[in-house]
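Enquirer: The structure that follows is given in the form of structure tokens.
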Amino acid sequence: MYKVGILTSGGDCQGLNAAIRGVAKSLYEEFDDQVEIYGVQNGYQGLINGNIRRMSKSDFSGILTLGGTILGTSRQPFKMMRVIDDVTGVDKVKNMKANYKKFGLDCLVVLGGNGTHKSANMLSEEGLNVVSLPKTIDNDVWGTDMTFGFQSACDIATDVIDCIHTTATSHGRIFIVEVMGHKVGWLTLHAGIAGGADIILLPEIPYDIEKVASIINKREAEGKNFSILAVAEGAISKQEAAMKKKELKALRAKETYPSVAYKVADELSNYISNEIRVTVPGHFQRGGSPCAYDRVLSTRFGAAAARLIKNRKYGNMVGLRNGEIVPVPLSEVAGKLKKIPSDYPLINEAKDVGISFGD
């Protein structure tokens with residue numbers, strides 16, 4: 001009997017349950033039911049604390065369209081993985097290895113984003129058999145063209161921008177919609193284009209607030225009494241981009257803005273006369289049922305993970321490249337962030353249709 005553990009780690013997103021289902025159903029097929037699947041509760045914390053239970057086939061029925069994760073999740077920062085807990089004295093890595101052996105696991109399937117994959121690679125280097133799947137609404141996991149959760153979140157963010165159009169036009173206001181994405185702007189870029197935003201501000205392209213204001217004033221001069229800005233939560237100005245990390249951190253500590261959208265609104269108020277409103281959909285973008293694309297992608301990833309396990313090809317993440325599902329070594333994925341390239345075609349194509357990036 002082959003024993004496989006599954007855990008979901010980091011922030012939740014759409015498609016996690018679909019991926020869990022894909023892994024489980026494919027494992028039952030690949031191993032002719034000679035497999036036991038164990039659910040690790042609440043991410044790496046469950047592996048550290050031994051909160052693991054054997055699951056049955058019925059656990060994986062009816063979850064394809066279900067948002068969130070039936071296994072629960074938590075954030076366990078990679079930088080703290082090898083730090084012994086001062087209060088409990090728990091050695092996290094030692095405990096995870098011990099519980100892996102205690103439950104007789106032959107492989108651990110990990111679903112998560114960047115930090116999760118750092119830890120997955122670490123466990124692989126520690127001798128555990130690990131296979132992973134890339135999930136995040138940010139689409140910033142290196143080694144895959146697409147992560148599951150991204151398209152569902154993009155659809156939600158697009159709907160928000162769509163709905164803002166009517167009130168923006170009715171009142172002649174400037175609306176700033178803050179889209180998730182601390183370090184990368186994939187979600188903001190795609191949702192901004194799909195939702196018809198006039199200006200898109202991304203972490204990868206530092207903005208000049210005077211140029212942003214000039215675009216808005218130019219639109220008003222042309223008789224367009226409203227403008228919509230799609231702003232990534234990690235958007236940064238050219239002045240900030242020129243600062244050293246310590247200087248920027250000190251600046252952020254002094255600021256009282258709830259988030260970057262409010263900062264941009266305050267900066268804009270010095271240059272334009274229009275009324276400005278901020279909308280932050282926040283965690284709505286990570287919630288609800290996965291879209292059709294993510295259901296399919298999650299299922300494909302799950303089936304591919306099962307094949308890797310059957311063929312004992314551990315130490316790999318399943319990724320999507322040029323439409324094909326391929327194995328990507330965890331050692332190549334860990335510690336790398338997939339940012340929008342400066343020569344990314346979609347940037348220039350967006351500019352061709354009149355979208356500004358404030359640069």
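Each chain in the structure tokens gets a letter, A, B, ..., in the order shown, and its residues are numbered from 1; ligands are numbered from 1 in order too.
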Might you pull out every residue within 10 Å of range 330-339 of chain A, with only C-alpha atoms counted and same-chain residues fewer than 5 positions away left off, and present them as a VMD selection string?

Expert: chain A and resid 113 to 122 124 to 125 130 to 132 134 138 to 145 183 to 186 203 to 204 314 to 318

Enquirer: Please produce an output containing C-alpha atoms for each residue in the selection, written as a PDB file, in the first residue's frame.

Expert:
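New file out_31.pdb:
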```
ATOM      1  CA  GLY A 113       3.018  29.586  -3.712  1.00  0.00           C
ATOM      2  CA  ASN A 114       6.555  30.940  -3.437  1.00  0.00           C
ATOM      3  CA  GLY A 115       7.199  30.522   0.283  1.00  0.00           C
ATOM      4  CA  THR A 116       5.541  27.130   0.231  1.00  0.00           C
ATOM      5  CA  HIS A 117       7.865  25.978  -2.525  1.00  0.00           C
ATOM      6  CA  LYS A 118      10.948  27.105  -0.612  1.00  0.00           C
ATOM      7  CA  SER A 119       9.861  24.849   2.245  1.00  0.00           C
ATOM      8  CA  ALA A 120       8.932  22.038  -0.143  1.00  0.00           C
ATOM      9  CA  ASN A 121      12.417  22.181  -1.653  1.00  0.00           C
ATOM     10  CA  MET A 122      13.949  22.183   1.819  1.00  0.00           C
ATOM     11  CA  SER A 124      13.091  17.452  -0.498  1.00  0.00           C
ATOM     12  CA  GLU A 125      16.713  18.238   0.343  1.00  0.00           C
ATOM     13  CA  VAL A 130       7.952  15.713  -2.427  1.00  0.00           C
ATOM     14  CA  VAL A 131       5.831  16.704  -5.421  1.00  0.00           C
ATOM     15  CA  SER A 132       4.235  20.155  -5.620  1.00  0.00           C
ATOM     16  CA  PRO A 134       1.738  25.926  -8.053  1.00  0.00           C
ATOM     17  CA  ASP A 138      -0.533  36.441  -8.143  1.00  0.00           C
ATOM     18  CA  ASN A 139       0.756  34.073 -10.867  1.00  0.00           C
ATOM     19  CA  ASP A 140       4.289  34.719  -9.639  1.00  0.00           C
ATOM     20  CA  VAL A 141       5.611  31.170  -9.166  1.00  0.00           C
ATOM     21  CA  TRP A 142       8.704  30.631 -11.285  1.00  0.00           C
ATOM     22  CA  GLY A 143       8.695  27.745 -13.752  1.00  0.00           C
ATOM     23  CA  THR A 144       5.049  27.825 -14.820  1.00  0.00           C
ATOM     24  CA  ASP A 145       3.232  30.058 -17.280  1.00  0.00           C
ATOM     25  CA  LYS A 183       5.556  42.188  -5.600  1.00  0.00           C
ATOM     26  CA  VAL A 184       4.198  41.487  -9.081  1.00  0.00           C
ATOM     27  CA  GLY A 185       1.491  42.964 -11.258  1.00  0.00           C
ATOM     28  CA  TRP A 186       0.182  40.069 -13.347  1.00  0.00           C
ATOM     29  CA  PRO A 203       5.276  47.094  -9.079  1.00  0.00           C
ATOM     30  CA  GLU A 204       7.438  46.374 -12.133  1.00  0.00           C
ATOM     31  CA  TYR A 314      10.063  13.258  -6.751  1.00  0.00           C
ATOM     32  CA  GLY A 315      11.533  16.697  -6.137  1.00  0.00           C
ATOM     33  CA  ASN A 316       9.459  18.260  -8.906  1.00  0.00           C
ATOM     34  CA  MET A 317       6.719  20.837  -9.257  1.00  0.00           C
ATOM     35  CA  VAL A 318       4.182  20.394 -12.038  1.00  0.00           C
TER      36      VAL A 318
END
```

Enquirer: Write out as a compact mmCIF listing (two decimals) with C-alpha atoms, in the first residue's frame which residues come within 10 Å of Gly62 in chain A when counting only C-alpha atoms, dropping same-chain ones fewer than 3 positions away.

Expert:
```txt
# COMPACT_ATOMS: atom_id res chain seq x y z
CA ASN A 17 -10.03 21.76 -3.79
CA ALA A 18 -10.18 21.02 -7.50
CA ARG A 21 -9.54 16.20 -6.04
CA SER A 58 -15.91 10.29 -0.34
CA ASP A 59 -13.81 13.19 0.97
CA THR A 65 -16.43 23.73 -7.58
CA LEU A 66 -15.78 24.45 -3.91
```

Enquirer: Based on DSSP run over this structure's backbone, return all residues of range 3-108 of chain A in helix (DSSP H, G or I), as a VMD selection string.

Expert: chain A and resid 16 to 30 44 to 49 57 to 60 78 to 80 92 to 102

Enquirer: Measuring between only C-alpha atoms, which one of A:Thr167, A:Thr69, A:Thr158, A:Gln41 shows the shortest distance to Ile20 in chain A?

Expert: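 With only C-alpha atoms as the atom set, the closest residue is A:Thr69.
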
Enquirer: Just to confirm, what's the straight-line distance from CA of Gly43 in chain A to CA of Gly302 in chain A in Å (one decimal)?

Expert: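 Interatomic distance, CA of Gly43 in chain A to CA of Gly302 in chain A: 17.6 Å.
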
Enquirer: Which residues are close to Ile156 in chain A, i.e. within 12 Å by only C-alpha atoms, leaving aside same-chain residues fewer than 2 positions away? Reply as a ChimeraX atom specification.

Expert: /A:14,137,149-154,158-163,179-180,187-188,190-192,194-195,281-291

Enquirer: Compare A:Val40, A:Leu251, A:Leu27, A:Ala305 by their minimum atom-to-atom distance to Phe103 in chain A, counting only C-alpha atoms, and give me the closest one.

Expert: A:Val40

Enquirer: Write down as a count of residues only the residues belonging to range 127-160 of chain A that are assigned strand (DSSP E or B) by DSSP computed on the backbone.

Expert: 8

Enquirer: List as an mmCIF file with N, CA, C and O atoms, in the first residue's frame the protein and nucleic acid residues near Asn129 in chain A, meaning an atom at most 9 Å away when only C-alpha atoms are counted, but skip any in the same chain fewer than 2 places from it.

Expert:
```
data_model
loop_
_atom_site.group_PDB
_atom_site.id
_atom_site.type_symbol
_atom_site.label_atom_id
_atom_site.label_comp_id
_atom_site.auth_asym_id
_atom_site.auth_seq_id
_atom_site.Cartn_x
_atom_site.Cartn_y
_atom_site.Cartn_z
ATOM 1 N N LEU A 105 4.405 7.815 5.434
ATOM 2 C CA LEU A 105 4.172 8.414 4.123
ATOM 3 C C LEU A 105 5.292 8.052 3.151
ATOM 4 O O LEU A 105 6.468 8.028 3.505
ATOM 5 N N ASP A 106 4.885 7.777 1.918
ATOM 6 C CA ASP A 106 5.845 7.515 0.851
ATOM 7 C C ASP A 106 6.104 8.759 0.021
ATOM 8 O O ASP A 106 7.097 8.841 -0.706
ATOM 9 N N CYS A 107 5.192 9.726 0.110
ATOM 10 C CA CYS A 107 5.336 10.966 -0.659
ATOM 11 C C CYS A 107 4.460 12.042 -0.039
ATOM 12 O O CYS A 107 3.428 11.740 0.572
ATOM 13 N N LEU A 108 4.882 13.281 -0.174
ATOM 14 C CA LEU A 108 4.114 14.427 0.297
ATOM 15 C C LEU A 108 3.803 15.327 -0.893
ATOM 16 O O LEU A 108 4.712 15.743 -1.620
ATOM 17 N N VAL A 109 2.522 15.624 -1.100
ATOM 18 C CA VAL A 109 2.099 16.534 -2.168
ATOM 19 C C VAL A 109 1.800 17.887 -1.536
ATOM 20 O O VAL A 109 0.993 17.979 -0.603
ATOM 21 N N LEU A 123 12.370 20.384 2.333
ATOM 22 C CA LEU A 123 12.001 19.038 2.764
ATOM 23 C C LEU A 123 12.528 17.991 1.779
ATOM 24 O O LEU A 123 12.933 16.894 2.177
ATOM 25 N N SER A 124 12.535 18.354 0.510
ATOM 26 C CA SER A 124 13.091 17.452 -0.498
ATOM 27 C C SER A 124 14.578 17.242 -0.259
ATOM 28 O O SER A 124 15.093 16.118 -0.327
ATOM 29 N N GLY A 127 15.458 14.827 2.392
ATOM 30 C CA GLY A 127 15.252 13.411 2.120
ATOM 31 C C GLY A 127 13.822 12.955 1.968
ATOM 32 O O GLY A 127 13.568 11.765 1.729
ATOM 33 N N VAL A 131 6.324 16.234 -4.132
ATOM 34 C CA VAL A 131 5.831 16.704 -5.421
ATOM 35 C C VAL A 131 4.933 17.903 -5.118
ATOM 36 O O VAL A 131 4.171 17.882 -4.146
ATOM 37 N N ILE A 309 4.292 10.841 -9.112
ATOM 38 C CA ILE A 309 4.398 9.960 -7.945
ATOM 39 C C ILE A 309 4.476 8.503 -8.377
ATOM 40 O O ILE A 309 5.302 7.736 -7.872
ATOM 41 N N ARG A 312 7.808 7.743 -9.516
ATOM 42 C CA ARG A 312 8.837 8.058 -8.511
ATOM 43 C C ARG A 312 9.721 9.235 -8.932
ATOM 44 O O ARG A 312 10.908 9.283 -8.625
ATOM 45 N N LYS A 313 9.144 10.196 -9.607
ATOM 46 C CA LYS A 313 9.895 11.381 -10.030
ATOM 47 C C LYS A 313 9.661 12.499 -9.014
ATOM 48 O O LYS A 313 8.964 13.486 -9.269
ATOM 49 N N TYR A 314 10.249 12.312 -7.834
ATOM 50 C CA TYR A 314 10.063 13.258 -6.751
ATOM 51 C C TYR A 314 10.958 14.487 -6.929
ATOM 52 O O TYR A 314 11.827 14.522 -7.788
ATOM 53 N N GLY A 315 10.724 15.477 -6.070
ATOM 54 C CA GLY A 315 11.533 16.697 -6.137
ATOM 55 C C GLY A 315 11.154 17.597 -7.283
ATOM 56 O O GLY A 315 11.963 18.420 -7.710
#
```

Enquirer: Quick check, in Å to one decimal: how far apart do CA of Lys135 in chain A and CA of Ser56 in chain A lie?

Expert: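 Those two atoms sit 23.9 Å apart.
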
Enquirer: My list of candidates is A:Val328, A:Ser9, A:Ile209, A:Arg82. Which is closest to Asp266 in chain A when distances are computed with only C-alpha atoms?

Expert: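 Looking at the shortest contact to Asp266 in chain A, the residue is A:Ile209.
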
Enquirer: So, counting only C-alpha atoms, which residue among A:Ile70, A:Leu47, A:Val264, A:Leu133 is closest to Leu111 in chain A?

Expert: A:Leu133

Enquirer: Would you pick out the contacts of Lys263 in chain A at 12 Å or less, using only C-alpha atoms, so that residues sharing its chain but fewer than 2 positions from it are not included, and give the list as a ChimeraX atom specification?

Expert: /A:176,178,209,231,233-237,252,255-261,265-270,276-278

Enquirer: Deliver the residues from the most recent selection as a file, using N, CA and C atoms, as an mmCIF file, in the first residue's frame.

Expert:
```cif
data_model
loop_
_atom_site.group_PDB
_atom_site.id
_atom_site.type_symbol
_atom_site.label_atom_id
_atom_site.label_comp_id
_atom_site.auth_asym_id
_atom_site.auth_seq_id
_atom_site.Cartn_x
_atom_site.Cartn_y
_atom_site.Cartn_z
ATOM 1 N N ILE A 176 -10.017 54.673 -8.155
ATOM 2 C CA ILE A 176 -8.806 53.865 -8.031
ATOM 3 C C ILE A 176 -9.212 52.509 -7.464
ATOM 4 N N GLU A 178 -7.849 49.037 -6.198
ATOM 5 C CA GLU A 178 -6.617 48.381 -5.765
ATOM 6 C C GLU A 178 -6.743 46.871 -5.928
ATOM 7 N N ILE A 209 3.730 60.384 -10.606
ATOM 8 C CA ILE A 209 2.376 60.858 -10.293
ATOM 9 C C ILE A 209 1.974 62.042 -11.164
ATOM 10 N N VAL A 231 -4.683 49.717 -9.731
ATOM 11 C CA VAL A 231 -3.412 49.890 -9.020
ATOM 12 C C VAL A 231 -3.074 48.626 -8.229
ATOM 13 N N GLU A 233 -1.387 46.483 -5.339
ATOM 14 C CA GLU A 233 -1.118 46.881 -3.956
ATOM 15 C C GLU A 233 0.371 47.089 -3.698
ATOM 16 N N GLY A 234 1.208 46.624 -4.624
ATOM 17 C CA GLY A 234 2.644 46.832 -4.479
ATOM 18 C C GLY A 234 3.187 47.894 -5.419
ATOM 19 N N ALA A 235 2.311 48.692 -6.006
ATOM 20 C CA ALA A 235 2.754 49.750 -6.930
ATOM 21 C C ALA A 235 3.707 50.701 -6.212
ATOM 22 N N ILE A 236 4.669 51.212 -6.967
ATOM 23 C CA ILE A 236 5.707 52.040 -6.361
ATOM 24 C C ILE A 236 6.039 53.210 -7.287
ATOM 25 N N SER A 237 6.322 54.374 -6.695
ATOM 26 C CA SER A 237 6.646 55.554 -7.490
ATOM 27 C C SER A 237 8.113 55.512 -7.909
ATOM 28 N N ARG A 252 7.839 53.967 4.632
ATOM 29 C CA ARG A 252 6.588 53.233 4.799
ATOM 30 C C ARG A 252 6.122 53.255 6.263
ATOM 31 N N GLU A 255 4.286 56.492 7.036
ATOM 32 C CA GLU A 255 3.024 56.753 6.329
ATOM 33 C C GLU A 255 1.827 56.192 7.092
ATOM 34 N N THR A 256 0.704 56.855 6.941
ATOM 35 C CA THR A 256 -0.514 56.442 7.649
ATOM 36 C C THR A 256 -1.608 55.962 6.697
ATOM 37 N N TYR A 257 -1.273 55.794 5.427
ATOM 38 C CA TYR A 257 -2.276 55.361 4.456
ATOM 39 C C TYR A 257 -2.659 53.895 4.716
ATOM 40 N N PRO A 258 -3.940 53.567 4.601
ATOM 41 C CA PRO A 258 -4.358 52.165 4.775
ATOM 42 C C PRO A 258 -3.723 51.233 3.751
ATOM 43 N N SER A 259 -3.505 51.762 2.537
ATOM 44 C CA SER A 259 -2.872 50.980 1.476
ATOM 45 C C SER A 259 -2.439 51.937 0.376
ATOM 46 N N VAL A 260 -1.777 51.385 -0.641
ATOM 47 C CA VAL A 260 -1.179 52.223 -1.674
ATOM 48 C C VAL A 260 -2.213 53.016 -2.466
ATOM 49 N N ALA A 261 -3.419 52.475 -2.637
ATOM 50 C CA ALA A 261 -4.446 53.180 -3.399
ATOM 51 C C ALA A 261 -4.779 54.522 -2.767
ATOM 52 N N ALA A 265 -4.251 58.267 -4.312
ATOM 53 C CA ALA A 265 -5.365 59.221 -4.315
ATOM 54 C C ALA A 265 -4.944 60.551 -3.698
ATOM 55 N N ASP A 266 -4.208 60.467 -2.602
ATOM 56 C CA ASP A 266 -3.749 61.692 -1.932
ATOM 57 C C ASP A 266 -2.773 62.458 -2.815
ATOM 58 N N GLU A 267 -1.870 61.727 -3.453
ATOM 59 C CA GLU A 267 -0.900 62.374 -4.350
ATOM 60 C C GLU A 267 -1.603 63.038 -5.529
ATOM 61 N N LEU A 268 -2.593 62.354 -6.086
ATOM 62 C CA LEU A 268 -3.320 62.894 -7.242
ATOM 63 C C LEU A 268 -4.106 64.157 -6.898
ATOM 64 N N SER A 269 -4.578 64.224 -5.674
ATOM 65 C CA SER A 269 -5.405 65.371 -5.276
ATOM 66 C C SER A 269 -4.660 66.697 -5.372
ATOM 67 N N ASN A 270 -3.343 66.632 -5.447
ATOM 68 C CA ASN A 270 -2.552 67.854 -5.580
ATOM 69 C C ASN A 270 -2.485 68.354 -7.022
ATOM 70 N N ILE A 276 -12.094 62.033 -6.136
ATOM 71 C CA ILE A 276 -11.404 60.743 -6.216
ATOM 72 C C ILE A 276 -11.992 59.766 -5.196
ATOM 73 N N ARG A 277 -12.231 58.535 -5.639
ATOM 74 C CA ARG A 277 -12.742 57.492 -4.761
ATOM 75 C C ARG A 277 -11.840 56.257 -4.879
ATOM 76 N N VAL A 278 -11.732 55.517 -3.789
ATOM 77 C CA VAL A 278 -10.906 54.313 -3.742
ATOM 78 C C VAL A 278 -11.771 53.092 -3.468
#
```
